[in-house]
Amino acid sequence: MRLGAIPDGLVERIGLLLGKVPTPIGEAMYSMPVARSLQVAQRTGILGALAEGPRDPAELAEHLGLQAKGTVRVLDVIATLGHVKQNPDGTYEMTASGRRWLDPRSDTYLGDFLADTYEYWDWYAGLEDLVRDGKHVELHEKAADDPYWQSYIRGQYQLARLSSAEVAKAIPLAKGAHSVLDVAGAHGEFSMALCRQHEGMRATIVDLPGSARVGEEIVAEAGMAERVRHLVGDMFQVDYDGHYDAALCFNIIHHLSPEQIRALFQRIRAVLRPGAPLCVLDLYDREGGQRANLASILGLFFHLTSGADTYTTDEVSRWMGESGYGSVEIKSLRTLPDLRLLVAKAV
């Protein structure tokens, strides 16, 4: 599961709404309808229709084959977040902030990611089983032709677009570097960003069949198929097919155990040229066991969906050193303020 940073605007608006009733009961009452209303509005086409212009709610419901009362109630909830507004004539339209994230024509469109979060509802229904019995969801075991892969990978691609240019600039490549291995790279946006920044760069992405199938579509749509290829298979078993000048390991170690992480780092080291950097982008726990931050929320999500955990930068740095890499540089990113990029060169 690759989870990028959620845009601050969305978080702030939801936070303002929850703050109206600052009690556990209020948070539970308000967060559920807000989240579900956004998800349903995306899945039913309400948001897509509003992106085209103001719509009368009754006519909108009829056009989409929906119930008028339920449609207007959902619109009213979304309006409390500021993504939609009601006009004096009774029509509803998307606001400027809504268009930024929810208009398919926007470069920062996150509609597929929003649709993907609909699946989280069922996963969190199993939270009590996780706490009581340690039973977790395994989202990566879905069949390759499961429609879920479309919303999942395209949603992660939309998130990655918000930060990929900055991330690519932060990756230290040696002069003349021309190949990068992107492990669990899925949609390929980070690899494509490196290729856009470095003439002659070629990328190889390793991922599971369902993920790679959608990733190949995205790469082709971006016109990058000649420079970015996918190797289909399990990252612990597939032949990485070559030697590389850099490797990316982005937003994947939170789904792995420490033993698996070391094994993965060692597999990557075996195909890196001496001095080539391994770059590990992820969300990390605070040092000293202080977990009350964004990692608390996403750490629970990762544990629920894989049984694994988030780790500290010290832990991951140590595992990199034990796996054949030199000293680790830790980089902060403006577009991903809650994540860190760890970089170490193969020795």
# chains A, B, ... in the order shown; residues from 1 in each chain; ligands from 1

$ residues_around --residues "Ala144 of chain A" --least-positions-apart "3" --cutoff "12 Å" --atoms "only C-alpha atoms" --output "CSV table (one decimal) with N, CA and C atoms, in the first residue's frame"
chain,number,residue,atom,x,y,z
A,139,LEU,N,-4.6,-6.4,1.8
A,139,LEU,CA,-5.2,-5.8,0.6
A,139,LEU,C,-4.4,-6.2,-0.7
A,140,HIS,N,-3.2,-6.6,-0.5
A,140,HIS,CA,-2.3,-6.9,-1.7
A,140,HIS,C,-2.6,-8.3,-2.3
A,141,GLU,N,-3.5,-9.1,-1.7
A,141,GLU,CA,-3.8,-10.4,-2.2
A,141,GLU,C,-4.9,-10.5,-3.1
A,147,PRO,N,-11.3,-5.1,-9.9
A,147,PRO,CA,-11.5,-3.7,-10.3
A,147,PRO,C,-10.9,-2.8,-9.2
A,148,TYR,N,-10.6,-3.3,-8.0
A,148,TYR,CA,-10.1,-2.4,-7.0
A,148,TYR,C,-8.7,-1.8,-7.4
A,149,TRP,N,-7.9,-2.6,-8.1
A,149,TRP,CA,-6.6,-2.1,-8.5
A,149,TRP,C,-6.7,-0.8,-9.2
A,150,GLN,N,-7.7,-0.5,-10.0
A,150,GLN,CA,-7.8,0.7,-10.7
A,150,GLN,C,-7.9,1.9,-9.8
A,207,ASP,N,6.5,-4.8,-9.5
A,207,ASP,CA,5.2,-4.8,-8.8
A,207,ASP,C,4.4,-6.0,-9.1
A,208,LEU,N,3.3,-6.2,-8.3
A,208,LEU,CA,2.4,-7.3,-8.5
A,208,LEU,C,1.6,-7.2,-9.7
A,209,PRO,N,1.0,-8.3,-10.2
A,209,PRO,CA,0.3,-8.2,-11.5
A,209,PRO,C,-0.8,-7.2,-11.6
A,210,GLY,N,-1.7,-7.1,-10.6
A,210,GLY,CA,-2.8,-6.2,-10.6
A,210,GLY,C,-2.3,-4.7,-10.6
A,211,SER,N,-1.3,-4.4,-9.8
A,211,SER,CA,-0.7,-3.1,-9.7
A,211,SER,C,0.0,-2.8,-11.0
A,212,ALA,N,0.8,-3.7,-11.5
A,212,ALA,CA,1.6,-3.4,-12.7
A,212,ALA,C,0.7,-3.2,-13.9
A,213,ARG,N,-0.4,-3.9,-14.0
A,213,ARG,CA,-1.3,-3.7,-15.1
A,213,ARG,C,-1.8,-2.3,-15.2
A,214,VAL,N,-2.2,-1.7,-14.1
A,214,VAL,CA,-2.7,-0.3,-14.1
A,214,VAL,C,-1.5,0.6,-14.3
A,232,VAL,N,6.8,-7.8,-13.7
A,232,VAL,CA,5.6,-8.3,-13.0
A,232,VAL,C,6.1,-9.4,-12.1
A,233,GLY,N,5.8,-9.3,-10.8
A,233,GLY,CA,6.1,-10.3,-9.8
A,233,GLY,C,6.3,-9.8,-8.4

$ residues_around --residues "Lys69 of chain A" --least-positions-apart "5" --cutoff "9 Å" --atoms "only C-alpha atoms" --output "PDB file with C-alpha atoms, in the first residue's frame"
ATOM      1  CA  PRO A  57     -30.233  19.022  -7.080  1.00  0.00           C
ATOM      2  CA  ALA A  58     -33.469  17.430  -8.308  1.00  0.00           C
ATOM      3  CA  ALA A  61     -30.438  13.326  -9.082  1.00  0.00           C
ATOM      4  CA  VAL A  74     -25.122  14.589   0.691  1.00  0.00           C
TER       5      VAL A  74
END

$ atom_distance --atom1 "atom CA of Phe302 of chain A" --atom2 "atom CA of Ser323 of chain A"
23.9 Å

$ residues_around --residues "Arg318 of chain A" --least-positions-apart "2" --cutoff "12 Å" --atoms "only C-alpha atoms" --output "list in words"
Pro258, Ile261, Arg262, Phe265, Tyr311, Thr312, Thr313, Asp314, Glu315, Val316, Met320, Gly321, Glu322, Ser323, Gly324, Tyr325, Gly326, Ser327, Val328, Leu342 and Ala344 of chain A

$ residues_around --residues "Val40 of chain A" --least-positions-apart "3" --cutoff "12 Å" --atoms "only C-alpha atoms" --output "number ranges by chain"
A: 33-37, 43-48, 66, 70-71, 73-75, 77-78, 111, 114-119, 121

$ write_last_selection --atoms "N, CA and C atoms" --output "PDB file, in the first residue's frame"
ATOM      1  N   PRO A  33     -20.300  10.667   8.719  1.00  0.00           N
ATOM      2  CA  PRO A  33     -21.092  11.161   7.583  1.00  0.00           C
ATOM      3  C   PRO A  33     -20.294  12.015   6.618  1.00  0.00           C
ATOM      4  N   VAL A  34     -19.310  12.761   7.131  1.00  0.00           N
ATOM      5  CA  VAL A  34     -18.496  13.587   6.245  1.00  0.00           C
ATOM      6  C   VAL A  34     -17.702  12.717   5.286  1.00  0.00           C
ATOM      7  N   ALA A  35     -17.009  11.732   5.829  1.00  0.00           N
ATOM      8  CA  ALA A  35     -16.191  10.860   4.985  1.00  0.00           C
ATOM      9  C   ALA A  35     -17.047  10.108   3.977  1.00  0.00           C
ATOM     10  N   ARG A  36     -18.145   9.529   4.444  1.00  0.00           N
ATOM     11  CA  ARG A  36     -18.974   8.726   3.555  1.00  0.00           C
ATOM     12  C   ARG A  36     -19.647   9.578   2.490  1.00  0.00           C
ATOM     13  N   SER A  37     -20.056  10.791   2.843  1.00  0.00           N
ATOM     14  CA  SER A  37     -20.703  11.660   1.860  1.00  0.00           C
ATOM     15  C   SER A  37     -19.746  12.005   0.730  1.00  0.00           C
ATOM     16  N   ARG A  43     -18.302   8.437  -6.084  1.00  0.00           N
ATOM     17  CA  ARG A  43     -18.648   7.177  -6.731  1.00  0.00           C
ATOM     18  C   ARG A  43     -19.924   7.261  -7.561  1.00  0.00           C
ATOM     19  N   THR A  44     -20.872   8.104  -7.152  1.00  0.00           N
ATOM     20  CA  THR A  44     -22.145   8.202  -7.865  1.00  0.00           C
ATOM     21  C   THR A  44     -22.108   9.220  -9.005  1.00  0.00           C
ATOM     22  N   GLY A  45     -21.023   9.955  -9.122  1.00  0.00           N
ATOM     23  CA  GLY A  45     -20.914  10.935 -10.207  1.00  0.00           C
ATOM     24  C   GLY A  45     -21.372  12.331  -9.839  1.00  0.00           C
ATOM     25  N   ILE A  46     -21.776  12.552  -8.585  1.00  0.00           N
ATOM     26  CA  ILE A  46     -22.240  13.882  -8.171  1.00  0.00           C
ATOM     27  C   ILE A  46     -21.127  14.917  -8.335  1.00  0.00           C
ATOM     28  N   LEU A  47     -19.941  14.593  -7.866  1.00  0.00           N
ATOM     29  CA  LEU A  47     -18.838  15.547  -7.952  1.00  0.00           C
ATOM     30  C   LEU A  47     -18.431  15.805  -9.400  1.00  0.00           C
ATOM     31  N   GLY A  48     -18.414  14.752 -10.194  1.00  0.00           N
ATOM     32  CA  GLY A  48     -18.065  14.928 -11.603  1.00  0.00           C
ATOM     33  C   GLY A  48     -19.042  15.841 -12.326  1.00  0.00           C
ATOM     34  N   LEU A  66     -30.423   8.927  -9.250  1.00  0.00           N
ATOM     35  CA  LEU A  66     -30.330   8.889  -7.793  1.00  0.00           C
ATOM     36  C   LEU A  66     -31.624   9.383  -7.153  1.00  0.00           C
ATOM     37  N   GLY A  70     -31.826  12.073  -0.805  1.00  0.00           N
ATOM     38  CA  GLY A  70     -30.486  11.640  -0.408  1.00  0.00           C
ATOM     39  C   GLY A  70     -29.406  12.475  -1.074  1.00  0.00           C
ATOM     40  N   THR A  71     -29.636  12.846  -2.340  1.00  0.00           N
ATOM     41  CA  THR A  71     -28.657  13.646  -3.071  1.00  0.00           C
ATOM     42  C   THR A  71     -28.462  15.003  -2.422  1.00  0.00           C
ATOM     43  N   ARG A  73     -29.105  15.884   0.642  1.00  0.00           N
ATOM     44  CA  ARG A  73     -28.507  15.749   1.965  1.00  0.00           C
ATOM     45  C   ARG A  73     -26.989  15.563   1.864  1.00  0.00           C
ATOM     46  N   VAL A  74     -26.560  14.780   0.912  1.00  0.00           N
ATOM     47  CA  VAL A  74     -25.122  14.589   0.691  1.00  0.00           C
ATOM     48  C   VAL A  74     -24.479  15.904   0.259  1.00  0.00           C
ATOM     49  N   LEU A  75     -25.146  16.628  -0.619  1.00  0.00           N
ATOM     50  CA  LEU A  75     -24.624  17.920  -1.052  1.00  0.00           C
ATOM     51  C   LEU A  75     -24.464  18.883   0.126  1.00  0.00           C
ATOM     52  N   VAL A  77     -23.915  18.144   3.265  1.00  0.00           N
ATOM     53  CA  VAL A  77     -22.779  17.752   4.100  1.00  0.00           C
ATOM     54  C   VAL A  77     -21.464  18.194   3.450  1.00  0.00           C
ATOM     55  N   ILE A  78     -21.343  17.987   2.148  1.00  0.00           N
ATOM     56  CA  ILE A  78     -20.128  18.398   1.450  1.00  0.00           C
ATOM     57  C   ILE A  78     -19.965  19.917   1.512  1.00  0.00           C
ATOM     58  N   GLY A 111      -9.716  12.566  -7.260  1.00  0.00           N
ATOM     59  CA  GLY A 111     -10.976  11.843  -7.253  1.00  0.00           C
ATOM     60  C   GLY A 111     -10.838  10.343  -7.111  1.00  0.00           C
ATOM     61  N   LEU A 114      -9.980   9.508  -3.580  1.00  0.00           N
ATOM     62  CA  LEU A 114     -11.176   9.630  -2.748  1.00  0.00           C
ATOM     63  C   LEU A 114     -12.072   8.418  -2.922  1.00  0.00           C
ATOM     64  N   ALA A 115     -12.262   7.971  -4.154  1.00  0.00           N
ATOM     65  CA  ALA A 115     -13.079   6.782  -4.407  1.00  0.00           C
ATOM     66  C   ALA A 115     -12.458   5.547  -3.752  1.00  0.00           C
ATOM     67  N   ASP A 116     -11.135   5.475  -3.751  1.00  0.00           N
ATOM     68  CA  ASP A 116     -10.451   4.329  -3.166  1.00  0.00           C
ATOM     69  C   ASP A 116     -10.692   4.235  -1.661  1.00  0.00           C
ATOM     70  N   THR A 117     -10.821   5.383  -0.994  1.00  0.00           N
ATOM     71  CA  THR A 117     -11.022   5.349   0.459  1.00  0.00           C
ATOM     72  C   THR A 117     -12.362   4.723   0.842  1.00  0.00           C
ATOM     73  N   TYR A 118     -13.257   4.588  -0.107  1.00  0.00           N
ATOM     74  CA  TYR A 118     -14.530   3.905   0.143  1.00  0.00           C
ATOM     75  C   TYR A 118     -14.286   2.492   0.662  1.00  0.00           C
ATOM     76  N   GLU A 119     -13.230   1.858   0.145  1.00  0.00           N
ATOM     77  CA  GLU A 119     -12.909   0.493   0.545  1.00  0.00           C
ATOM     78  C   GLU A 119     -12.488   0.420   2.009  1.00  0.00           C
ATOM     79  N   TRP A 121     -13.783   1.532   4.562  1.00  0.00           N
ATOM     80  CA  TRP A 121     -14.905   1.359   5.479  1.00  0.00           C
ATOM     81  C   TRP A 121     -14.993  -0.096   5.964  1.00  0.00           C
TER      82      TRP A 121
END

$ atom_distance --atom1 "atom CA of Leu38 of chain A" --atom2 "atom CA of Leu81 of chain A"
9.8 Å

$ closest_residue --among "A:Ile297, A:Met201, A:Leu256, A:Ala247" --to "Ala346 of chain A" --atoms "only C-alpha atoms"
A:Ala247

$ residues_around --residues "Glu52 of chain A" --least-positions-apart "2" --cutoff "9 Å" --atoms "only C-alpha atoms" --output "list in words"
Leu47, Gly48, Ala49, Leu50, Pro54, Arg55, Glu93, Met94 and Asp103 of chain A

$ write_last_selection --atoms "C-alpha atoms" --output "mmCIF file, in the first residue's frame"
data_model
loop_
_atom_site.group_PDB
_atom_site.id
_atom_site.type_symbol
_atom_site.label_atom_id
_atom_site.label_comp_id
_atom_site.auth_asym_id
_atom_site.auth_seq_id
_atom_site.Cartn_x
_atom_site.Cartn_y
_atom_site.Cartn_z
ATOM 1 C CA LEU A 47 -18.838 15.547 -7.952
ATOM 2 C CA GLY A 48 -18.065 14.928 -11.603
ATOM 3 C CA ALA A 49 -21.358 16.549 -12.632
ATOM 4 C CA LEU A 50 -20.804 19.580 -10.402
ATOM 5 C CA PRO A 54 -24.045 24.599 -11.313
ATOM 6 C CA ARG A 55 -26.783 21.985 -11.064
ATOM 7 C CA GLU A 93 -21.848 24.255 -7.582
ATOM 8 C CA MET A 94 -18.257 23.321 -6.859
ATOM 9 C CA ASP A 103 -12.383 18.560 -10.797
#

$ select_by_dssp --residues "segment 124-312 of chain A" --states "strand (DSSP E or B)" --output "PyMOL selection string"
chain A and resi 179-183+202-207+228-232+244+247-250+272+277-283+285+312

$ write_last_selection --atoms "C-alpha atoms" --output "PDB file, in the first residue's frame"
ATOM      1  CA  SER A 179      19.055   3.374 -14.828  1.00  0.00           C
ATOM      2  CA  VAL A 180      16.838   3.224 -11.751  1.00  0.00           C
ATOM      3  CA  LEU A 181      15.085   0.288 -10.061  1.00  0.00           C
ATOM      4  CA  ASP A 182      11.719   1.217  -8.532  1.00  0.00           C
ATOM      5  CA  VAL A 183      10.612  -1.538  -6.145  1.00  0.00           C
ATOM      6  CA  ARG A 202      15.460   4.503 -17.918  1.00  0.00           C
ATOM      7  CA  ALA A 203      13.369   3.001 -15.112  1.00  0.00           C
ATOM      8  CA  THR A 204      12.374  -0.548 -14.203  1.00  0.00           C
ATOM      9  CA  ILE A 205       9.371  -0.924 -11.889  1.00  0.00           C
ATOM     10  CA  VAL A 206       8.750  -4.137  -9.968  1.00  0.00           C
ATOM     11  CA  ASP A 207       5.223  -4.813  -8.755  1.00  0.00           C
ATOM     12  CA  VAL A 228       9.666   3.119 -18.061  1.00  0.00           C
ATOM     13  CA  ARG A 229       8.977  -0.617 -17.993  1.00  0.00           C
ATOM     14  CA  HIS A 230       7.291  -2.927 -15.487  1.00  0.00           C
ATOM     15  CA  LEU A 231       8.591  -6.266 -14.243  1.00  0.00           C
ATOM     16  CA  VAL A 232       5.649  -8.284 -12.971  1.00  0.00           C
ATOM     17  CA  TYR A 244      21.184  -0.107 -11.625  1.00  0.00           C
ATOM     18  CA  ALA A 247      16.945   2.289  -6.414  1.00  0.00           C
ATOM     19  CA  LEU A 248      13.661   3.590  -5.031  1.00  0.00           C
ATOM     20  CA  CYS A 249      11.843   1.889  -2.171  1.00  0.00           C
ATOM     21  CA  PHE A 250       8.895   4.205  -1.598  1.00  0.00           C
ATOM     22  CA  LEU A 272      23.119  -1.801  -7.387  1.00  0.00           C
ATOM     23  CA  PRO A 277      21.956   5.288  -3.784  1.00  0.00           C
ATOM     24  CA  LEU A 278      19.097   3.394  -2.196  1.00  0.00           C
ATOM     25  CA  CYS A 279      16.302   5.900  -1.481  1.00  0.00           C
ATOM     26  CA  VAL A 280      13.656   4.955   1.081  1.00  0.00           C
ATOM     27  CA  LEU A 281      10.662   7.274   1.304  1.00  0.00           C
ATOM     28  CA  ASP A 282       8.154   6.577   4.060  1.00  0.00           C
ATOM     29  CA  LEU A 283       6.306   7.756   7.135  1.00  0.00           C
ATOM     30  CA  ASP A 285       7.625   6.977  13.963  1.00  0.00           C
ATOM     31  CA  THR A 312      11.842   5.105  13.324  1.00  0.00           C
TER      32      THR A 312
END

$ closest_residue --among "A:His83, A:His243, A:His198, A:His136" --to "Ala168 of chain A" --atoms "only C-alpha atoms"
A:His198

$ atom_distance --atom1 "atom CA of Ala160 of chain A" --atom2 "atom CA of Asp122 of chain A"
24.8 Å

$ select_by_dssp --residues "segment 160-319 of chain A" --states "alpha helix (DSSP H)" --output "JSON, numbers by chain"
{"A": [160, 161, 164, 165, 166, 167, 168, 169, 170, 189, 190, 191, 192, 193, 194, 195, 196, 197, 209, 210, 211, 212, 213, 214, 215, 216, 217, 218, 219, 220, 221, 258, 259, 260, 261, 262, 263, 264, 265, 266, 267, 268, 269, 294, 295, 296, 297, 298, 299, 300, 301, 302, 303, 304, 305, 306, 313, 314, 315, 316, 317, 318, 319]}

$ decode --residues "segment 133-171 of chain A" --atoms "N, CA and C atoms" --output "mmCIF file, in the first residue's frame"
data_model
loop_
_atom_site.group_PDB
_atom_site.id
_atom_site.type_symbol
_atom_site.label_atom_id
_atom_site.label_comp_id
_atom_site.auth_asym_id
_atom_site.auth_seq_id
_atom_site.Cartn_x
_atom_site.Cartn_y
_atom_site.Cartn_z
ATOM 1 N N ASP A 133 -7.758 -10.131 18.367
ATOM 2 C CA ASP A 133 -7.160 -11.384 17.925
ATOM 3 C C ASP A 133 -5.939 -11.221 17.022
ATOM 4 N N GLY A 134 -5.599 -9.979 16.657
ATOM 5 C CA GLY A 134 -4.467 -9.761 15.764
ATOM 6 C C GLY A 134 -4.766 -10.064 14.305
ATOM 7 N N LYS A 135 -6.037 -10.207 13.954
ATOM 8 C CA LYS A 135 -6.424 -10.522 12.572
ATOM 9 C C LYS A 135 -6.421 -9.252 11.739
ATOM 10 N N HIS A 136 -5.677 -9.254 10.645
ATOM 11 C CA HIS A 136 -5.585 -8.063 9.804
ATOM 12 C C HIS A 136 -6.058 -8.344 8.379
ATOM 13 N N VAL A 137 -6.298 -7.284 7.647
ATOM 14 C CA VAL A 137 -6.686 -7.358 6.242
ATOM 15 C C VAL A 137 -5.406 -7.491 5.411
ATOM 16 N N GLU A 138 -5.462 -8.187 4.287
ATOM 17 C CA GLU A 138 -4.327 -8.234 3.363
ATOM 18 C C GLU A 138 -4.786 -7.730 2.016
ATOM 19 N N LEU A 139 -4.607 -6.435 1.789
ATOM 20 C CA LEU A 139 -5.174 -5.816 0.586
ATOM 21 C C LEU A 139 -4.395 -6.157 -0.677
ATOM 22 N N HIS A 140 -3.154 -6.637 -0.538
ATOM 23 C CA HIS A 140 -2.341 -6.910 -1.722
ATOM 24 C C HIS A 140 -2.590 -8.296 -2.313
ATOM 25 N N GLU A 141 -3.497 -9.054 -1.713
ATOM 26 C CA GLU A 141 -3.750 -10.405 -2.214
ATOM 27 C C GLU A 141 -4.945 -10.485 -3.150
ATOM 28 N N LYS A 142 -5.478 -9.354 -3.550
ATOM 29 C CA LYS A 142 -6.609 -9.355 -4.472
ATOM 30 C C LYS A 142 -6.169 -9.882 -5.839
ATOM 31 N N ALA A 143 -7.114 -10.488 -6.549
ATOM 32 C CA ALA A 143 -6.824 -11.018 -7.886
ATOM 33 C C ALA A 143 -6.376 -9.900 -8.815
ATOM 34 N N ALA A 144 -5.549 -10.253 -9.790
ATOM 35 C CA ALA A 144 -4.980 -9.253 -10.692
ATOM 36 C C ALA A 144 -6.047 -8.510 -11.481
ATOM 37 N N ASP A 145 -7.194 -9.145 -11.729
ATOM 38 C CA ASP A 145 -8.247 -8.506 -12.512
ATOM 39 C C ASP A 145 -9.319 -7.855 -11.629
ATOM 40 N N ASP A 146 -9.082 -7.776 -10.340
ATOM 41 C CA ASP A 146 -10.048 -7.135 -9.440
ATOM 42 C C ASP A 146 -10.127 -5.647 -9.768
ATOM 43 N N PRO A 147 -11.340 -5.098 -9.943
ATOM 44 C CA PRO A 147 -11.488 -3.668 -10.271
ATOM 45 C C PRO A 147 -10.861 -2.753 -9.222
ATOM 46 N N TYR A 148 -10.645 -3.266 -8.027
ATOM 47 C CA TYR A 148 -10.069 -2.445 -6.970
ATOM 48 C C TYR A 148 -8.725 -1.845 -7.363
ATOM 49 N N TRP A 149 -7.922 -2.585 -8.132
ATOM 50 C CA TRP A 149 -6.598 -2.094 -8.487
ATOM 51 C C TRP A 149 -6.659 -0.765 -9.230
ATOM 52 N N GLN A 150 -7.722 -0.535 -9.997
ATOM 53 C CA GLN A 150 -7.833 0.717 -10.746
ATOM 54 C C GLN A 150 -7.912 1.921 -9.814
ATOM 55 N N SER A 151 -8.849 1.893 -8.860
ATOM 56 C CA SER A 151 -8.985 3.041 -7.963
ATOM 57 C C SER A 151 -7.782 3.155 -7.037
ATOM 58 N N TYR A 152 -7.247 2.030 -6.611
ATOM 59 C CA TYR A 152 -6.107 2.037 -5.703
ATOM 60 C C TYR A 152 -4.875 2.667 -6.357
ATOM 61 N N ILE A 153 -4.460 2.145 -7.497
ATOM 62 C CA ILE A 153 -3.218 2.602 -8.115
ATOM 63 C C ILE A 153 -3.379 3.993 -8.724
ATOM 64 N N ARG A 154 -4.523 4.256 -9.346
ATOM 65 C CA ARG A 154 -4.717 5.597 -9.896
ATOM 66 C C ARG A 154 -4.831 6.638 -8.778
ATOM 67 N N GLY A 155 -5.430 6.258 -7.665
ATOM 68 C CA GLY A 155 -5.490 7.169 -6.537
ATOM 69 C C GLY A 155 -4.108 7.486 -5.994
ATOM 70 N N GLN A 156 -3.257 6.456 -5.869
ATOM 71 C CA GLN A 156 -1.899 6.687 -5.398
ATOM 72 C C GLN A 156 -1.088 7.510 -6.403
ATOM 73 N N TYR A 157 -1.357 7.317 -7.673
ATOM 74 C CA TYR A 157 -0.713 8.125 -8.710
ATOM 75 C C TYR A 157 -1.077 9.603 -8.558
ATOM 76 N N GLN A 158 -2.336 9.866 -8.303
ATOM 77 C CA GLN A 158 -2.773 11.256 -8.143
ATOM 78 C C GLN A 158 -2.116 11.903 -6.932
ATOM 79 N N LEU A 159 -1.949 11.164 -5.857
ATOM 80 C CA LEU A 159 -1.227 11.694 -4.704
ATOM 81 C C LEU A 159 0.244 11.936 -5.046
ATOM 82 N N ALA A 160 0.863 10.997 -5.744
ATOM 83 C CA ALA A 160 2.286 11.104 -6.057
ATOM 84 C C ALA A 160 2.594 12.312 -6.933
ATOM 85 N N ARG A 161 1.664 12.679 -7.804
ATOM 86 C CA ARG A 161 1.892 13.841 -8.689
ATOM 87 C C ARG A 161 2.148 15.118 -7.911
ATOM 88 N N LEU A 162 1.616 15.200 -6.688
ATOM 89 C CA LEU A 162 1.741 16.416 -5.895
ATOM 90 C C LEU A 162 3.161 16.618 -5.374
ATOM 91 N N SER A 163 3.957 15.568 -5.343
ATOM 92 C CA SER A 163 5.288 15.680 -4.740
ATOM 93 C C SER A 163 6.417 15.139 -5.603
ATOM 94 N N SER A 164 6.104 14.497 -6.724
ATOM 95 C CA SER A 164 7.123 13.745 -7.470
ATOM 96 C C SER A 164 8.264 14.611 -7.987
ATOM 97 N N ALA A 165 7.986 15.834 -8.389
ATOM 98 C CA ALA A 165 9.056 16.699 -8.911
ATOM 99 C C ALA A 165 10.068 17.007 -7.814
ATOM 100 N N GLU A 166 9.591 17.354 -6.614
ATOM 101 C CA GLU A 166 10.508 17.649 -5.511
ATOM 102 C C GLU A 166 11.279 16.404 -5.093
ATOM 103 N N VAL A 167 10.595 15.268 -5.039
ATOM 104 C CA VAL A 167 11.261 14.029 -4.657
ATOM 105 C C VAL A 167 12.370 13.696 -5.644
ATOM 106 N N ALA A 168 12.096 13.838 -6.927
ATOM 107 C CA ALA A 168 13.098 13.527 -7.950
ATOM 108 C C ALA A 168 14.339 14.402 -7.789
ATOM 109 N N LYS A 169 14.149 15.656 -7.458
ATOM 110 C CA LYS A 169 15.284 16.559 -7.266
ATOM 111 C C LYS A 169 16.121 16.187 -6.047
ATOM 112 N N ALA A 170 15.504 15.527 -5.083
ATOM 113 C CA ALA A 170 16.203 15.166 -3.847
ATOM 114 C C ALA A 170 17.011 13.880 -3.975
ATOM 115 N N ILE A 171 16.878 13.167 -5.094
ATOM 116 C CA ILE A 171 17.584 11.896 -5.283
ATOM 117 C C ILE A 171 18.951 12.162 -5.899
#
